[in-house]
$ cat work-v2.cif   # mmCIF, C-alpha atoms and all ligand atoms
data_structure
#
loop_
_atom_site.label_atom_id
_atom_site.label_comp_id
_atom_site.auth_asym_id
_atom_site.auth_seq_id
_atom_site.Cartn_x
_atom_site.Cartn_y
_atom_site.Cartn_z
CA MET J 1 -10.55 212.22 333.22
CA ASN J 2 -7.01 211.43 334.33
CA PRO J 3 -6.20 214.32 336.70
CA ARG J 4 -2.56 214.08 335.69
CA HIS J 5 -3.34 214.62 332.01
CA LEU J 6 -2.89 218.24 331.10
CA ARG J 7 -4.76 219.06 327.88
CA LEU J 8 -3.05 221.03 325.14
CA GLY J 9 -5.17 223.34 323.02
CA VAL J 10 -3.25 224.47 319.93
CA ASN J 11 -4.15 227.95 318.80
CA ILE J 12 -3.86 228.18 315.01
CA ASP J 13 -4.58 231.91 314.58
CA HIS J 14 -1.14 232.73 313.27
CA VAL J 15 -1.27 230.18 310.47
CA ALA J 16 -4.10 232.39 309.23
CA THR J 17 -1.98 235.51 309.86
CA ILE J 18 0.65 234.18 307.42
CA ARG J 19 -1.99 233.09 304.91
CA ASN J 20 -3.67 236.49 305.01
CA ALA J 21 -0.38 238.26 304.31
CA ARG J 22 -0.82 237.16 300.67
CA GLY J 23 -4.58 236.80 300.41
CA GLY J 24 -4.53 233.23 299.03
CA PRO J 25 -5.43 229.89 300.62
CA HIS J 26 -1.93 228.92 301.84
CA PRO J 27 -1.03 228.04 304.59
CA ASP J 28 -4.37 226.57 305.58
CA PRO J 29 -5.21 226.71 309.32
CA VAL J 30 -7.45 223.63 308.96
CA ARG J 31 -4.47 221.64 307.70
CA ALA J 32 -2.54 222.92 310.73
CA ALA J 33 -5.35 221.68 312.98
CA HIS J 34 -5.06 218.18 311.48
CA ILE J 35 -1.29 218.17 312.04
CA ALA J 36 -1.74 219.41 315.63
CA GLU J 37 -4.16 216.54 316.20
CA GLU J 38 -1.70 213.95 314.82
CA ALA J 39 1.00 215.43 317.06
CA GLY J 40 -0.99 215.05 320.28
CA ALA J 41 -3.12 218.17 320.70
CA ASP J 42 -6.32 217.66 322.68
CA GLY J 43 -8.15 220.62 321.19
CA ILE J 44 -7.96 223.41 318.64
CA THR J 45 -8.36 227.05 319.59
CA ALA J 46 -9.13 229.90 317.21
CA HIS J 47 -9.90 233.56 317.87
CA LEU J 48 -12.38 235.13 315.47
CA ARG J 49 -11.55 238.79 315.90
CA GLU J 50 -13.93 241.58 315.09
CA ASP J 51 -11.50 242.87 312.42
CA ARG J 52 -10.92 239.30 311.01
CA ARG J 53 -7.17 239.95 310.97
CA HIS J 54 -6.37 236.22 311.04
CA ILE J 55 -9.14 233.63 311.45
CA THR J 56 -12.17 234.20 309.19
CA ASP J 57 -15.80 233.12 309.42
CA ARG J 58 -15.13 230.47 306.79
CA ASP J 59 -12.23 229.09 308.86
CA ILE J 60 -14.59 228.61 311.81
CA GLU J 61 -17.14 226.93 309.58
CA ARG J 62 -14.50 224.57 308.14
CA LEU J 63 -12.87 223.84 311.53
CA ARG J 64 -16.26 222.89 312.90
CA ARG J 65 -16.99 220.64 309.92
CA GLU J 66 -13.57 219.14 309.19
CA ILE J 67 -11.81 218.55 312.50
CA LYS J 68 -12.62 215.90 315.08
CA LEU J 69 -10.98 217.60 318.08
CA PRO J 70 -13.04 219.91 320.30
CA LEU J 71 -13.00 223.50 319.03
CA ASN J 72 -12.49 226.34 321.50
CA LEU J 73 -13.70 229.62 319.98
CA GLU J 74 -12.11 232.70 321.49
CA MET J 75 -14.49 235.61 321.13
CA ALA J 76 -15.30 239.07 322.37
CA ALA J 77 -18.60 239.51 324.20
CA THR J 78 -20.53 241.09 321.31
CA ASP J 79 -23.86 240.26 319.70
CA GLU J 80 -22.14 239.46 316.40
CA MET J 81 -19.79 236.89 317.99
CA LEU J 82 -22.55 235.37 320.10
CA ALA J 83 -24.65 234.79 316.96
CA ILE J 84 -21.66 233.07 315.30
CA ALA J 85 -21.05 230.88 318.37
CA LEU J 86 -24.70 229.88 318.54
CA LYS J 87 -24.69 229.05 314.82
CA HIS J 88 -21.58 226.86 314.87
CA LYS J 89 -21.87 225.50 318.42
CA PRO J 90 -18.18 224.97 319.19
CA HIS J 91 -17.35 222.71 322.12
CA ALA J 92 -16.18 225.74 324.10
CA ALA J 93 -16.09 229.52 323.98
CA CYS J 94 -13.51 231.64 325.75
CA LEU J 95 -14.59 235.23 326.34
CA VAL J 96 -11.66 237.59 325.80
CA PRO J 97 -11.23 241.36 325.86
CA GLU J 98 -10.66 242.83 322.43
CA LYS J 99 -9.34 246.19 321.33
CA ARG J 100 -8.81 246.93 317.66
CA GLU J 101 -5.47 248.64 318.17
CA GLU J 102 -3.88 245.88 320.28
CA ARG J 103 -1.36 243.44 318.79
CA THR J 104 -2.65 240.53 320.84
CA THR J 105 -4.96 239.94 323.82
CA GLU J 106 -2.92 242.13 326.12
CA GLY J 107 -4.63 241.53 329.44
CA GLY J 108 -7.47 239.63 331.01
CA LEU J 109 -11.12 240.48 330.83
CA ASP J 110 -12.45 242.78 333.57
CA VAL J 111 -15.21 240.43 334.67
CA ALA J 112 -15.65 242.19 338.02
CA GLY J 113 -16.22 245.55 336.34
CA GLY J 114 -18.23 244.15 333.40
CA HIS J 115 -20.74 241.89 335.15
CA ASN J 116 -23.87 243.45 333.65
CA HIS J 117 -22.48 243.50 330.12
CA LEU J 118 -21.11 239.94 330.28
CA GLN J 119 -23.99 238.23 332.04
CA PRO J 120 -26.31 237.70 329.03
CA TYR J 121 -23.45 236.33 326.90
CA VAL J 122 -22.43 233.79 329.54
CA ALA J 123 -26.08 232.83 330.07
CA ALA J 124 -26.75 232.35 326.33
CA LEU J 125 -23.61 230.26 325.81
CA ASN J 126 -24.36 228.13 328.89
CA LEU J 127 -27.90 227.59 327.66
CA ALA J 128 -26.60 226.42 324.27
CA GLY J 129 -24.39 223.83 325.99
CA ILE J 130 -21.17 225.60 325.00
CA ARG J 131 -18.57 225.42 327.78
CA VAL J 132 -17.74 229.01 328.71
CA SER J 133 -14.42 230.19 330.02
CA MET J 134 -13.42 233.68 331.08
CA PHE J 135 -9.91 234.83 330.14
CA ILE J 136 -8.75 236.72 333.24
CA GLU J 137 -5.70 237.85 335.14
CA PRO J 138 -4.76 235.52 338.04
CA ASP J 139 -6.67 237.70 340.47
CA PRO J 140 -9.12 236.33 343.10
CA ARG J 141 -11.50 239.24 342.44
CA GLN J 142 -11.80 238.28 338.77
CA ILE J 143 -12.12 234.59 339.68
CA ASP J 144 -14.97 235.34 342.10
CA ALA J 145 -16.67 237.50 339.49
CA SER J 146 -16.40 234.71 336.88
CA ARG J 147 -18.01 232.26 339.26
CA ALA J 148 -20.76 234.74 340.11
CA LEU J 149 -21.56 234.94 336.38
CA GLY J 150 -21.99 231.17 336.17
CA ALA J 151 -18.95 230.45 334.00
CA PRO J 152 -17.70 226.91 334.73
CA VAL J 153 -14.12 227.62 333.60
CA VAL J 154 -11.53 230.38 333.89
CA GLU J 155 -8.42 230.71 331.75
CA LEU J 156 -5.61 232.51 333.57
CA HIS J 157 -3.48 234.93 331.53
CA THR J 158 0.15 233.80 331.74
CA GLY J 159 1.51 236.80 329.80
CA ALA J 160 2.98 238.65 332.81
CA TYR J 161 4.86 235.52 333.93
CA CYS J 162 6.14 234.74 330.41
CA HIS J 163 7.19 238.32 329.80
CA ALA J 164 9.08 238.53 333.11
CA ALA J 165 10.73 235.14 332.47
CA LEU J 166 12.65 236.73 329.57
CA GLU J 167 14.45 239.35 331.63
CA ALA J 168 13.41 239.59 335.30
CA PRO J 169 13.71 236.26 337.14
CA GLY J 170 12.59 237.73 340.48
CA GLU J 171 9.45 239.13 338.92
CA ALA J 172 8.87 235.84 337.07
CA ARG J 173 8.94 233.99 340.40
CA ARG J 174 6.46 236.49 341.81
CA GLN J 175 4.14 236.08 338.81
CA LEU J 176 4.40 232.30 339.02
CA ALA J 177 3.45 232.40 342.73
CA ARG J 178 0.47 234.56 341.77
CA LEU J 179 -0.59 231.92 339.22
CA VAL J 180 -0.17 229.10 341.75
CA ALA J 181 -2.31 230.95 344.33
CA ALA J 182 -4.99 231.70 341.71
CA VAL J 183 -5.12 228.07 340.53
CA GLU J 184 -5.49 226.89 344.15
CA TYR J 185 -8.31 229.37 344.64
CA THR J 186 -10.20 228.15 341.53
CA ALA J 187 -10.04 224.59 342.92
CA ARG J 188 -11.43 225.75 346.28
CA ILE J 189 -14.46 227.36 344.63
CA ASP J 190 -14.93 224.51 342.15
CA LEU J 191 -14.01 226.17 338.86
CA GLU J 192 -12.08 224.38 336.12
CA CYS J 193 -8.83 226.19 335.48
CA HIS J 194 -7.00 226.72 332.17
CA ALA J 195 -4.03 228.94 331.39
CA GLY J 196 -2.29 230.46 328.42
CA HIS J 197 -0.65 233.33 326.57
CA GLY J 198 2.99 233.71 325.67
CA LEU J 199 4.01 230.17 326.68
CA THR J 200 7.18 228.75 325.11
CA PHE J 201 9.37 225.65 325.49
CA ASP J 202 11.26 227.58 328.20
CA THR J 203 8.27 228.84 330.19
CA VAL J 204 5.77 225.99 329.91
CA GLY J 205 7.31 223.67 332.53
CA PRO J 206 6.60 225.65 335.73
CA VAL J 207 3.03 226.35 334.56
CA ALA J 208 2.36 222.75 333.51
CA ALA J 209 3.63 221.64 336.92
CA ILE J 210 0.80 223.47 338.74
CA PRO J 211 -1.47 220.53 339.55
CA GLY J 212 -4.88 222.22 339.34
CA ILE J 213 -4.56 223.34 335.72
CA ALA J 214 -6.59 221.22 333.30
CA GLU J 215 -5.64 222.81 329.96
CA LEU J 216 -3.05 225.08 328.37
CA ASN J 217 -3.75 227.04 325.19
CA ILE J 218 -0.65 227.81 323.17
CA GLY J 219 -0.36 229.43 319.76
CA HIS J 220 2.14 232.05 318.66
CA PHE J 221 5.29 230.26 319.82
CA LEU J 222 4.26 226.93 318.27
CA ILE J 223 3.49 228.47 314.90
CA GLY J 224 6.77 230.40 315.02
CA GLU J 225 8.70 227.23 315.86
CA ALA J 226 6.94 225.42 313.03
CA VAL J 227 8.82 227.66 310.57
CA PHE J 228 12.07 226.03 311.70
CA GLY J 229 11.19 222.43 312.45
CA GLY J 230 7.61 221.81 311.38
CA LEU J 231 4.37 222.02 313.33
CA ASN J 232 4.23 218.33 314.15
CA SER J 233 7.61 218.44 315.85
CA ALA J 234 6.82 221.71 317.72
CA VAL J 235 3.54 220.33 319.10
CA ARG J 236 5.15 217.00 320.04
CA ARG J 237 7.93 218.74 321.92
CA MET J 238 5.51 221.05 323.76
CA ARG J 239 3.34 218.04 324.64
CA ALA J 240 6.38 216.17 325.97
CA LEU J 241 7.54 219.14 328.08
CA MET J 242 4.05 219.53 329.55
CA ASP J 243 3.74 215.81 330.32
CA LYS J 244 7.21 215.70 331.91
CA ALA J 245 6.53 218.70 334.16
CA ARG J 246 3.15 217.31 335.19
CA ALA J 247 4.55 213.81 335.89
CA GLU J 248 7.42 215.24 337.94
CA SER J 249 5.15 217.47 340.01
CA SER J 250 2.64 214.71 340.72
CA GLY J 251 5.52 212.32 341.52
CA ALA J 252 6.97 214.86 343.95
CA ARG J 253 3.60 215.32 345.66
CA SER J 254 2.98 211.59 346.11
CA ALA J 255 6.58 210.82 347.24
N1 LIG J 301 -5.47 231.98 325.49
C1 LIG J 301 -6.14 233.07 325.07
C2 LIG J 301 -7.45 233.36 325.71
C3 LIG J 301 -5.65 233.88 324.04
O1 LIG J 301 -6.33 234.97 323.65
C4 LIG J 301 -4.43 233.52 323.42
C5 LIG J 301 -3.91 234.34 322.29
O2 LIG J 301 -4.80 234.30 321.25
C6 LIG J 301 -3.77 232.38 323.88
C7 LIG J 301 -4.30 231.63 324.92
C8 LIG J 301 -2.51 231.90 323.24
O3 LIG J 301 -1.49 232.83 323.39
P1 LIG J 301 -0.16 232.67 322.53
O4 LIG J 301 -0.56 232.80 321.09
O5 LIG J 301 0.70 233.77 323.02
O6 LIG J 301 0.38 231.30 322.82
#
$ encode --input "work-v2.cif" --output "structure tokens"
Amino acid sequence: MNPRHLRLGVNIDHVATIRNARGGPHPDPVRAAHIAEEAGADGITAHLREDRRHITDRDIERLRREIKLPLNLEMAATDEMLAIALKHKPHAACLVPEKREERTTEGGLDVAGGHNHLQPYVAALNLAGIRVSMFIEPDPRQIDASRALGAPVVELHTGAYCHAALEAPGEARRQLARLVAAVEYTARIDLECHAGHGLTFDTVGPVAAIPGIAELNIGHFLIGEAVFGGLNSAVRRMRALMDKARAESSGARSA
């Protein structure tokens, strides 16, 4: 793999949110996945929530059958979701915390505190050949705990950085430094590192510039932008911003 190439996983959950607002088939998240592929996405991400508020079981079945890109299934560590993952065998599964009352995945998974609960899920997914990632805060304790569980990948939650970037530049710099330190730590202990949550055209650059990150997963902003200029154009622009930031940071390091 080209170490400079930063993969883009497009999360299509909110195409399903809009579809479900009316109960019919439109807009179709599988069609969105095809457009994301044409526009340069490297993977498709979908979160099958326990309450099925956006993506449905049938969406997962169709994504698995109809798209060529690797599918990353975001899931809670429950027996129901594990059975679905083992049935459909997505390329990857990202274990996320899930609370019914939350609007989105509001924080990372407490892997350090949940070792005994999480262990059998990570083991079963590993055994099935599904690449497991743990969605965690950029915290060395959670990174160590993910490695101890045998997960080959961690996805760092970028929500605190993105939130601060809107109104508190000092705090945004602090959160970015926390991400940089966490990414460096994952490389030292040989974990693949992904990142995502809340990323926009304005916030993606500094995250994409962190050299150890292999993949970003981006959803809500891209689907929102698609309302104004189309999904193809939103994905292309995000892809271009990521590539530019990555090229500039690797150029600066080798200069
Ligand atoms: N990564 C994970 C693990 C997530 O749960 C989400 C949200 O579903 C994202 C990335 C994407 O976040 P956003 O939709 O804010 O871009």
$ closest_residue --input "work-v2.cif" --among "J:Ile55, J:Leu199, J:Ala112, J:Met242" --to "ligand LIG 301 (chain J)" --atoms "only C-alpha atoms and all ligand atoms"
J:Leu199
$ residues_around --input "work-v2.cif" --residues "region 180-184 of chain J" --least-positions-apart "6" --cutoff "9 Å" --atoms "all atoms listed in the file" --output "list of chain:residue names"
J:Pro138, J:Asp139, J:Pro140, J:Ile143, J:Leu156, J:Cys193, J:His194, J:Val207, J:Ile210, J:Pro211, J:Gly212, J:Ile213
$ closest_residue --input "work-v2.cif" --among "J:Arg49, J:Arg141, J:His115, J:Arg62" --to "Pro90 (chain J)" --atoms "only C-alpha atoms"
J:Arg62
$ closest_residue --input "work-v2.cif" --among "J:Leu6, J:Ala76, J:Ala252, J:Met238" --to "Phe201 (chain J)" --atoms "all atoms listed in the file"
J:Met238
$ atom_distance --input "work-v2.cif" --atom1 "CA of Ala214 (chain J)" --atom2 "CA of Glu66 (chain J)"
25.2 Å
$ residues_near_ligand --input "work-v2.cif" --ligand "ligand LIG 301 (chain J)" --cutoff "10 Å" --atoms "all atoms listed in the file" --output "PyMOL selection string"
chain J and resi 9-14+45-49+72-76+93-98+104-109+133-136+154-159+162+194-200+216-224
$ axis_aligned_box --input "work-v2.cif" --around "region 131-140 of chain J" --padding-each-side "8 Å" --output "JSON"
{"center_x": -11.7, "center_y": 231.6, "center_z": 335.4, "size_x": 29.8, "size_y": 28.4, "size_z": 31.3}
$ atom_distance --input "work-v2.cif" --atom1 "CA of Pro152 (chain J)" --atom2 "CA of Asn126 (chain J)"
8.9 Å
$ atom_distance --input "work-v2.cif" --atom1 "CA of Thr56 (chain J)" --atom2 "CA of Arg237 (chain J)"
28.4 Å
$ decode --input "work-v2.cif" --residues "region 128-164 of chain J" --atoms "N, CA and C atoms" --output "PDB file, in the first residue's frame"
ATOM      1  N   ALA J 128     -13.420 -14.844  12.108  1.00  0.00           N
ATOM      2  CA  ALA J 128     -14.168 -14.872  10.838  1.00  0.00           C
ATOM      3  C   ALA J 128     -13.425 -14.122   9.725  1.00  0.00           C
ATOM      4  N   GLY J 129     -12.253 -13.565  10.053  1.00  0.00           N
ATOM      5  CA  GLY J 129     -11.483 -12.850   9.026  1.00  0.00           C
ATOM      6  C   GLY J 129     -12.004 -11.458   8.747  1.00  0.00           C
ATOM      7  N   ILE J 130     -12.807 -10.924   9.673  1.00  0.00           N
ATOM      8  CA  ILE J 130     -13.324  -9.554   9.520  1.00  0.00           C
ATOM      9  C   ILE J 130     -12.364  -8.625  10.273  1.00  0.00           C
ATOM     10  N   ARG J 131     -11.854  -7.606   9.585  1.00  0.00           N
ATOM     11  CA  ARG J 131     -10.886  -6.709  10.225  1.00  0.00           C
ATOM     12  C   ARG J 131     -11.583  -5.855  11.287  1.00  0.00           C
ATOM     13  N   VAL J 132     -11.138  -5.967  12.518  1.00  0.00           N
ATOM     14  CA  VAL J 132     -11.847  -5.285  13.618  1.00  0.00           C
ATOM     15  C   VAL J 132     -11.159  -3.977  13.967  1.00  0.00           C
ATOM     16  N   SER J 133     -11.964  -2.926  14.102  1.00  0.00           N
ATOM     17  CA  SER J 133     -11.396  -1.706  14.671  1.00  0.00           C
ATOM     18  C   SER J 133     -12.223  -1.286  15.876  1.00  0.00           C
ATOM     19  N   MET J 134     -11.542  -0.605  16.795  1.00  0.00           N
ATOM     20  CA  MET J 134     -12.198  -0.125  18.013  1.00  0.00           C
ATOM     21  C   MET J 134     -12.286   1.399  17.896  1.00  0.00           C
ATOM     22  N   PHE J 135     -13.498   1.929  18.047  1.00  0.00           N
ATOM     23  CA  PHE J 135     -13.702   3.380  17.942  1.00  0.00           C
ATOM     24  C   PHE J 135     -13.490   3.986  19.327  1.00  0.00           C
ATOM     25  N   ILE J 136     -12.356   4.681  19.491  1.00  0.00           N
ATOM     26  CA  ILE J 136     -11.951   5.131  20.837  1.00  0.00           C
ATOM     27  C   ILE J 136     -11.536   6.602  20.831  1.00  0.00           C
ATOM     28  N   GLU J 137     -11.515   7.170  22.013  1.00  0.00           N
ATOM     29  CA  GLU J 137     -10.941   8.503  22.178  1.00  0.00           C
ATOM     30  C   GLU J 137      -9.420   8.398  21.968  1.00  0.00           C
ATOM     31  N   PRO J 138      -8.765   9.500  21.557  1.00  0.00           N
ATOM     32  CA  PRO J 138      -7.308   9.442  21.368  1.00  0.00           C
ATOM     33  C   PRO J 138      -6.573   9.413  22.705  1.00  0.00           C
ATOM     34  N   ASP J 139      -6.652   8.284  23.363  1.00  0.00           N
ATOM     35  CA  ASP J 139      -6.179   8.140  24.737  1.00  0.00           C
ATOM     36  C   ASP J 139      -5.310   6.872  24.813  1.00  0.00           C
ATOM     37  N   PRO J 140      -4.037   7.007  25.220  1.00  0.00           N
ATOM     38  CA  PRO J 140      -3.134   5.846  25.234  1.00  0.00           C
ATOM     39  C   PRO J 140      -3.688   4.650  26.013  1.00  0.00           C
ATOM     40  N   ARG J 141      -4.467   4.932  27.053  1.00  0.00           N
ATOM     41  CA  ARG J 141      -5.041   3.829  27.850  1.00  0.00           C
ATOM     42  C   ARG J 141      -6.008   2.997  26.998  1.00  0.00           C
ATOM     43  N   GLN J 142      -6.811   3.689  26.196  1.00  0.00           N
ATOM     44  CA  GLN J 142      -7.772   2.978  25.334  1.00  0.00           C
ATOM     45  C   GLN J 142      -7.046   2.283  24.178  1.00  0.00           C
ATOM     46  N   ILE J 143      -5.954   2.888  23.727  1.00  0.00           N
ATOM     47  CA  ILE J 143      -5.176   2.267  22.640  1.00  0.00           C
ATOM     48  C   ILE J 143      -4.533   0.977  23.150  1.00  0.00           C
ATOM     49  N   ASP J 144      -3.926   1.041  24.339  1.00  0.00           N
ATOM     50  CA  ASP J 144      -3.324  -0.163  24.927  1.00  0.00           C
ATOM     51  C   ASP J 144      -4.374  -1.255  25.127  1.00  0.00           C
ATOM     52  N   ALA J 145      -5.537  -0.848  25.593  1.00  0.00           N
ATOM     53  CA  ALA J 145      -6.598  -1.837  25.859  1.00  0.00           C
ATOM     54  C   ALA J 145      -7.070  -2.477  24.553  1.00  0.00           C
ATOM     55  N   SER J 146      -7.101  -1.708  23.467  1.00  0.00           N
ATOM     56  CA  SER J 146      -7.533  -2.255  22.169  1.00  0.00           C
ATOM     57  C   SER J 146      -6.517  -3.285  21.685  1.00  0.00           C
ATOM     58  N   ARG J 147      -5.255  -2.963  21.884  1.00  0.00           N
ATOM     59  CA  ARG J 147      -4.208  -3.904  21.459  1.00  0.00           C
ATOM     60  C   ARG J 147      -4.277  -5.171  22.301  1.00  0.00           C
ATOM     61  N   ALA J 148      -4.506  -4.995  23.596  1.00  0.00           N
ATOM     62  CA  ALA J 148      -4.572  -6.167  24.486  1.00  0.00           C
ATOM     63  C   ALA J 148      -5.720  -7.100  24.078  1.00  0.00           C
ATOM     64  N   LEU J 149      -6.765  -6.531  23.475  1.00  0.00           N
ATOM     65  CA  LEU J 149      -7.902  -7.355  23.036  1.00  0.00           C
ATOM     66  C   LEU J 149      -7.620  -8.084  21.724  1.00  0.00           C
ATOM     67  N   GLY J 150      -6.550  -7.678  21.031  1.00  0.00           N
ATOM     68  CA  GLY J 150      -6.241  -8.321  19.752  1.00  0.00           C
ATOM     69  C   GLY J 150      -6.886  -7.644  18.559  1.00  0.00           C
ATOM     70  N   ALA J 151      -7.348  -6.404  18.734  1.00  0.00           N
ATOM     71  CA  ALA J 151      -7.891  -5.673  17.579  1.00  0.00           C
ATOM     72  C   ALA J 151      -6.717  -5.122  16.765  1.00  0.00           C
ATOM     73  N   PRO J 152      -6.708  -5.332  15.444  1.00  0.00           N
ATOM     74  CA  PRO J 152      -5.572  -4.845  14.650  1.00  0.00           C
ATOM     75  C   PRO J 152      -5.633  -3.348  14.324  1.00  0.00           C
ATOM     76  N   VAL J 153      -6.808  -2.747  14.531  1.00  0.00           N
ATOM     77  CA  VAL J 153      -7.027  -1.356  14.099  1.00  0.00           C
ATOM     78  C   VAL J 153      -7.738  -0.581  15.207  1.00  0.00           C
ATOM     79  N   VAL J 154      -7.379   0.705  15.346  1.00  0.00           N
ATOM     80  CA  VAL J 154      -8.205   1.602  16.165  1.00  0.00           C
ATOM     81  C   VAL J 154      -8.669   2.762  15.287  1.00  0.00           C
ATOM     82  N   GLU J 155      -9.869   3.243  15.553  1.00  0.00           N
ATOM     83  CA  GLU J 155     -10.341   4.463  14.887  1.00  0.00           C
ATOM     84  C   GLU J 155     -10.468   5.529  15.967  1.00  0.00           C
ATOM     85  N   LEU J 156      -9.716   6.626  15.798  1.00  0.00           N
ATOM     86  CA  LEU J 156      -9.721   7.684  16.809  1.00  0.00           C
ATOM     87  C   LEU J 156     -10.879   8.655  16.559  1.00  0.00           C
ATOM     88  N   HIS J 157     -11.594   8.970  17.627  1.00  0.00           N
ATOM     89  CA  HIS J 157     -12.755   9.872  17.557  1.00  0.00           C
ATOM     90  C   HIS J 157     -12.246  11.307  17.394  1.00  0.00           C
ATOM     91  N   THR J 158     -12.618  11.958  16.293  1.00  0.00           N
ATOM     92  CA  THR J 158     -12.138  13.321  16.042  1.00  0.00           C
ATOM     93  C   THR J 158     -13.174  14.376  16.461  1.00  0.00           C
ATOM     94  N   GLY J 159     -14.234  13.937  17.136  1.00  0.00           N
ATOM     95  CA  GLY J 159     -15.336  14.843  17.476  1.00  0.00           C
ATOM     96  C   GLY J 159     -14.899  16.023  18.334  1.00  0.00           C
ATOM     97  N   ALA J 160     -14.048  15.792  19.341  1.00  0.00           N
ATOM     98  CA  ALA J 160     -13.659  16.888  20.243  1.00  0.00           C
ATOM     99  C   ALA J 160     -12.866  17.942  19.467  1.00  0.00           C
ATOM    100  N   TYR J 161     -11.986  17.481  18.570  1.00  0.00           N
ATOM    101  CA  TYR J 161     -11.225  18.435  17.736  1.00  0.00           C
ATOM    102  C   TYR J 161     -12.176  19.216  16.821  1.00  0.00           C
ATOM    103  N   CYS J 162     -13.069  18.505  16.138  1.00  0.00           N
ATOM    104  CA  CYS J 162     -13.959  19.188  15.172  1.00  0.00           C
ATOM    105  C   CYS J 162     -14.891  20.169  15.886  1.00  0.00           C
ATOM    106  N   HIS J 163     -15.366  19.786  17.045  1.00  0.00           N
ATOM    107  CA  HIS J 163     -16.273  20.644  17.792  1.00  0.00           C
ATOM    108  C   HIS J 163     -15.546  21.931  18.216  1.00  0.00           C
ATOM    109  N   ALA J 164     -14.327  21.752  18.749  1.00  0.00           N
ATOM    110  CA  ALA J 164     -13.550  22.912  19.201  1.00  0.00           C
ATOM    111  C   ALA J 164     -13.171  23.805  18.024  1.00  0.00           C
TER     112      ALA J 164
END
